[in-house]
Amino acid sequence: MEKKYNASLNYSKQRYLELLKLKYSQEKVFSSEEESELSDYSSVLDGHLDWETREQYLQLLEKLINGKIDTFKFCIEFEKRNELNGEVFDSLEANFLLLSPHEKSVKFSDFIIEILDFCYSHSEIFESDIPAEKFDLYEAEFRGSIEKIYLKIQKFLEE
Amino acid sequence: MIRDAKHYGTNTGETPVVMYFNKETRQIVVFNQTSGDLITAEKYRKNYFKKCVESCQIGNPGN
């Protein structure tokens with residue numbers, strides 16, 4: 001059985017639901033505190049979706065590291081996986097379907113954000129006319145950076 | 001909302017940008033602060049959007 005969020009993170013599904021319903025009913029204007037509170041709850045749910053789909057993310061990372069896909073395909077697939085989670089998130093909130101987040105989901109999601117940062121930075125080399133030598137160097141650097149994050153993820157998952 | 005920010009590209013490095021964002025739609029539009037050229041316009045995931053807006057950075061500064 002998976003460990004769920006601990007109480008110290010103050011995750012209350014009931015409160016989250018209450019805030020969401022208020023937002024969608026548009027009965028009142030949120031204070032900045034309420035807005036921030038809802039944003040925090042949403043972040044937790046968003047991060048949990050990354051955790052739930054960690055196997056797909058890990059498979060993509062392994063394919064890149066093992067040379068089965070190039071960095072272009074990796075970035076496309078990784079961003080696509082991420083966007084799909086975004087669609088699920090929107091659908092869950094719109095239908096008031098809230099999940100109980102895993103205690104490792106926030107940290108895991110941070111790794112996903114770190115990889116996305118690399119992908120967004122790296123994607124410009126596919127649109128530019130870069131000399132082959134430089135392109136290869138960027139490719140190697142990207143793989144190296146992603147491999148380092150992958151190793152950090154593996155260590156984190158084993159903890 | 002508008003903010004001064006930094007965009008990081010593997011080839012272009014650090015670029016000062018003007019970042020327009022909409023918290024409701026999670027869209028970010030980024031223009032080069034010097035040339036005014038559009039760099040990117042995207043809808044992001046909740047957490048990535050939050051990270052960009054809070055840090056005023058898009059992309060990896062380590063590149």
# chains A, B, ... in the order shown; residues from 1 in each chain; ligands from 1
call {"tool": "interface_residues", "arguments": {"of": "chain A", "to": "chain B", "cutoff": "9 Å", "atoms": "only C-alpha atoms", "output": "VMD selection string"}}
result
chain A and resid 39 42 to 44 46 to 47 82 to 83 85 to 87 89 109 to 110 112 to 125 128 130 138 141 to 142
call {"tool": "write_last_selection", "arguments": {"atoms": "N, CA and C atoms", "output": "short mmCIF file (atom, residue, chain, number, x, y, z; two decimals), in the first residue's frame"}}
result
data_model
loop_
_atom_site.label_atom_id
_atom_site.label_comp_id
_atom_site.auth_asym_id
_atom_site.auth_seq_id
_atom_site.Cartn_x
_atom_site.Cartn_y
_atom_site.Cartn_z
N SER A 39 -3.95 27.72 -4.90
CA SER A 39 -2.81 27.47 -5.78
C SER A 39 -1.91 26.38 -5.20
N SER A 42 -3.61 23.05 -5.64
CA SER A 42 -3.54 22.67 -7.06
C SER A 42 -2.16 22.14 -7.41
N SER A 43 -1.14 22.76 -6.84
CA SER A 43 0.24 22.32 -7.10
C SER A 43 0.47 20.89 -6.62
N VAL A 44 -0.12 20.60 -5.46
CA VAL A 44 0.03 19.25 -4.90
C VAL A 44 -0.65 18.22 -5.82
N ASP A 46 -1.29 18.59 -9.02
CA ASP A 46 -0.53 18.57 -10.26
C ASP A 46 0.71 17.68 -10.12
N GLY A 47 1.40 17.85 -9.01
CA GLY A 47 2.60 17.05 -8.76
C GLY A 47 2.28 15.57 -8.60
N ASN A 82 3.94 15.34 -20.32
CA ASN A 82 3.67 16.39 -19.35
C ASN A 82 2.36 17.12 -19.67
N GLU A 83 2.13 17.39 -20.94
CA GLU A 83 0.89 18.09 -21.34
C GLU A 83 -0.34 17.22 -21.06
N ASN A 85 -0.69 15.12 -18.69
CA ASN A 85 -0.96 15.25 -17.24
C ASN A 85 -1.67 16.57 -16.94
N GLY A 86 -1.29 17.60 -17.69
CA GLY A 86 -1.93 18.90 -17.52
C GLY A 86 -3.41 18.83 -17.89
N GLU A 87 -3.72 18.08 -18.92
CA GLU A 87 -5.13 17.93 -19.34
C GLU A 87 -5.91 17.15 -18.28
N PHE A 89 -5.19 17.06 -15.12
CA PHE A 89 -5.31 17.98 -13.98
C PHE A 89 -6.51 18.91 -14.17
N SER A 109 7.92 15.63 -8.69
CA SER A 109 7.49 16.64 -9.66
C SER A 109 8.57 17.71 -9.87
N ASP A 110 9.33 17.99 -8.82
CA ASP A 110 10.44 18.96 -8.96
C ASP A 110 11.47 18.45 -9.97
N ILE A 112 10.78 16.57 -12.50
CA ILE A 112 10.15 16.72 -13.82
C ILE A 112 10.30 18.17 -14.31
N ILE A 113 10.11 19.11 -13.39
CA ILE A 113 10.28 20.53 -13.74
C ILE A 113 11.72 20.80 -14.18
N GLU A 114 12.66 20.19 -13.46
CA GLU A 114 14.07 20.38 -13.80
C GLU A 114 14.36 19.86 -15.22
N ILE A 115 13.79 18.71 -15.55
CA ILE A 115 14.00 18.14 -16.89
C ILE A 115 13.32 19.01 -17.94
N LEU A 116 12.13 19.49 -17.64
CA LEU A 116 11.43 20.37 -18.58
C LEU A 116 12.25 21.62 -18.87
N ASP A 117 12.89 22.16 -17.85
CA ASP A 117 13.74 23.32 -18.04
C ASP A 117 14.83 23.01 -19.07
N PHE A 118 15.43 21.85 -18.92
CA PHE A 118 16.47 21.44 -19.89
C PHE A 118 15.87 21.29 -21.28
N CYS A 119 14.69 20.68 -21.37
CA CYS A 119 14.05 20.47 -22.68
C CYS A 119 13.72 21.81 -23.34
N TYR A 120 13.16 22.73 -22.57
CA TYR A 120 12.79 24.02 -23.16
C TYR A 120 14.03 24.80 -23.62
N SER A 121 15.11 24.70 -22.85
CA SER A 121 16.35 25.37 -23.26
C SER A 121 16.93 24.71 -24.50
N HIS A 122 16.89 23.38 -24.49
CA HIS A 122 17.54 22.60 -25.55
C HIS A 122 16.79 22.68 -26.88
N SER A 123 15.46 22.86 -26.82
CA SER A 123 14.63 22.76 -28.04
C SER A 123 15.01 23.79 -29.09
N GLU A 124 15.65 24.90 -28.68
CA GLU A 124 15.99 25.91 -29.69
C GLU A 124 17.04 25.42 -30.67
N ILE A 125 17.81 24.41 -30.29
CA ILE A 125 18.85 23.94 -31.22
C ILE A 125 18.24 23.19 -32.41
N SER A 128 17.42 26.02 -35.00
CA SER A 128 18.49 26.90 -35.47
C SER A 128 19.43 26.16 -36.43
N ILE A 130 22.67 25.25 -36.67
CA ILE A 130 23.88 25.13 -35.84
C ILE A 130 24.86 24.18 -36.51
N TYR A 138 26.15 19.86 -27.93
CA TYR A 138 24.94 20.16 -27.17
C TYR A 138 24.16 18.89 -26.85
N GLU A 141 25.94 17.07 -24.07
CA GLU A 141 25.76 17.78 -22.79
C GLU A 141 24.35 17.53 -22.24
N PHE A 142 23.39 17.55 -23.15
CA PHE A 142 22.00 17.34 -22.74
C PHE A 142 21.82 15.93 -22.15
#
call {"tool": "residues_around", "arguments": {"residues": "Val29 (chain B)", "least_positions_apart": "3", "cutoff": "7 Å", "atoms": "only C-alpha atoms", "output": "ChimeraX atom specification"}}
result
/B:19-21,40-42
call {"tool": "write_last_selection", "arguments": {"atoms": "C-alpha atoms", "output": "compact mmCIF listing (two decimals), in the first residue's frame"}}
result
# COMPACT_ATOMS: atom_id res chain seq x y z
CA MET B 19 7.30 38.00 -19.55
CA TYR B 20 3.52 38.36 -19.85
CA PHE B 21 1.51 35.80 -17.97
CA THR B 40 7.98 31.83 -26.86
CA ALA B 41 4.24 31.72 -26.20
CA GLU B 42 2.97 28.64 -24.39
call {"tool": "select_by_dssp", "arguments": {"residues": "chain B", "states": "alpha helix (DSSP H)", "output": "compact mmCIF listing (two decimals) with C-alpha atoms, in the first residue's frame"}}
result
# COMPACT_ATOMS: atom_id res chain seq x y z
CA LYS B 46 0.44 24.35 -13.16
CA ASN B 47 3.75 23.63 -11.44
CA TYR B 48 6.02 24.64 -14.28
CA PHE B 49 4.04 27.86 -14.73
CA LYS B 50 4.38 28.60 -11.02
CA LYS B 51 8.13 27.97 -11.10
CA CYS B 52 8.61 30.31 -14.08
CA VAL B 53 6.54 33.12 -12.60
CA GLU B 54 8.12 32.87 -9.15
CA SER B 55 11.71 32.58 -10.36
call {"tool": "residues_around", "arguments": {"residues": "Ser35 (chain B)", "least_positions_apart": "4", "cutoff": "12 Å", "atoms": "only C-alpha atoms", "output": "compact mmCIF listing (two decimals) with N, CA and C atoms, in the first residue's frame"}}
result
# COMPACT_ATOMS: atom_id res chain seq x y z
N THR B 15 19.01 35.48 -21.95
CA THR B 15 18.43 36.63 -22.65
C THR B 15 17.47 37.36 -21.72
N PRO B 16 17.69 38.65 -21.50
CA PRO B 16 16.71 39.42 -20.71
C PRO B 16 15.41 39.52 -21.51
N VAL B 17 14.31 39.23 -20.86
CA VAL B 17 13.02 39.20 -21.57
C VAL B 17 11.94 39.92 -20.76
N VAL B 18 10.86 40.22 -21.45
CA VAL B 18 9.65 40.69 -20.78
C VAL B 18 8.67 39.52 -20.82
N VAL B 30 6.72 35.45 -23.98
CA VAL B 30 8.02 36.04 -23.65
C VAL B 30 8.60 36.77 -24.87
N PHE B 31 9.00 38.02 -24.65
CA PHE B 31 9.61 38.83 -25.70
C PHE B 31 11.02 39.23 -25.29
N ILE B 39 9.87 35.30 -28.27
CA ILE B 39 10.72 34.13 -28.04
C ILE B 39 9.86 32.89 -27.87
call {"tool": "atom_distance", "arguments": {"atom1": "CA of Glu79 (chain A)", "atom2": "CA of Leu60 (chain A)"}}
result
10.8 Å
call {"tool": "residues_around", "arguments": {"residues": "His48 (chain A)", "least_positions_apart": "2", "cutoff": "9 Å", "atoms": "only C-alpha atoms", "output": "PyMOL selection string"}}
result
chain A and resi 43-46+50-53+99-106+108-109
call {"tool": "select_by_dssp", "arguments": {"residues": "region 1-52 of chain B", "states": "strand (DSSP E or B)", "output": "ChimeraX atom specification"}}
result
/B:2-9,13-22,27-32,38-43
call {"tool": "residues_around", "arguments": {"residues": "Arg15 (chain A)", "least_positions_apart": "6", "cutoff": "10 Å", "atoms": "only C-alpha atoms", "output": "ChimeraX atom specification"}}
result
/A:21,37-38,41
call {"tool": "atom_distance", "arguments": {"atom1": "CA of Asp70 (chain A)", "atom2": "CA of Arg143 (chain A)"}}
result
9.2 Å
call {"tool": "atom_distance", "arguments": {"atom1": "CA of Leu64 (chain A)", "atom2": "CA of Leu49 (chain A)"}}
result
22.0 Å
call {"tool": "residues_around", "arguments": {"residues": "Leu98 (chain A)", "least_positions_apart": "3", "cutoff": "9 Å", "atoms": "only C-alpha atoms", "output": "list in words"}}
result
Lys13, Tyr16, Leu17, Leu45, Leu92, Glu93 and Asn95 of chain A
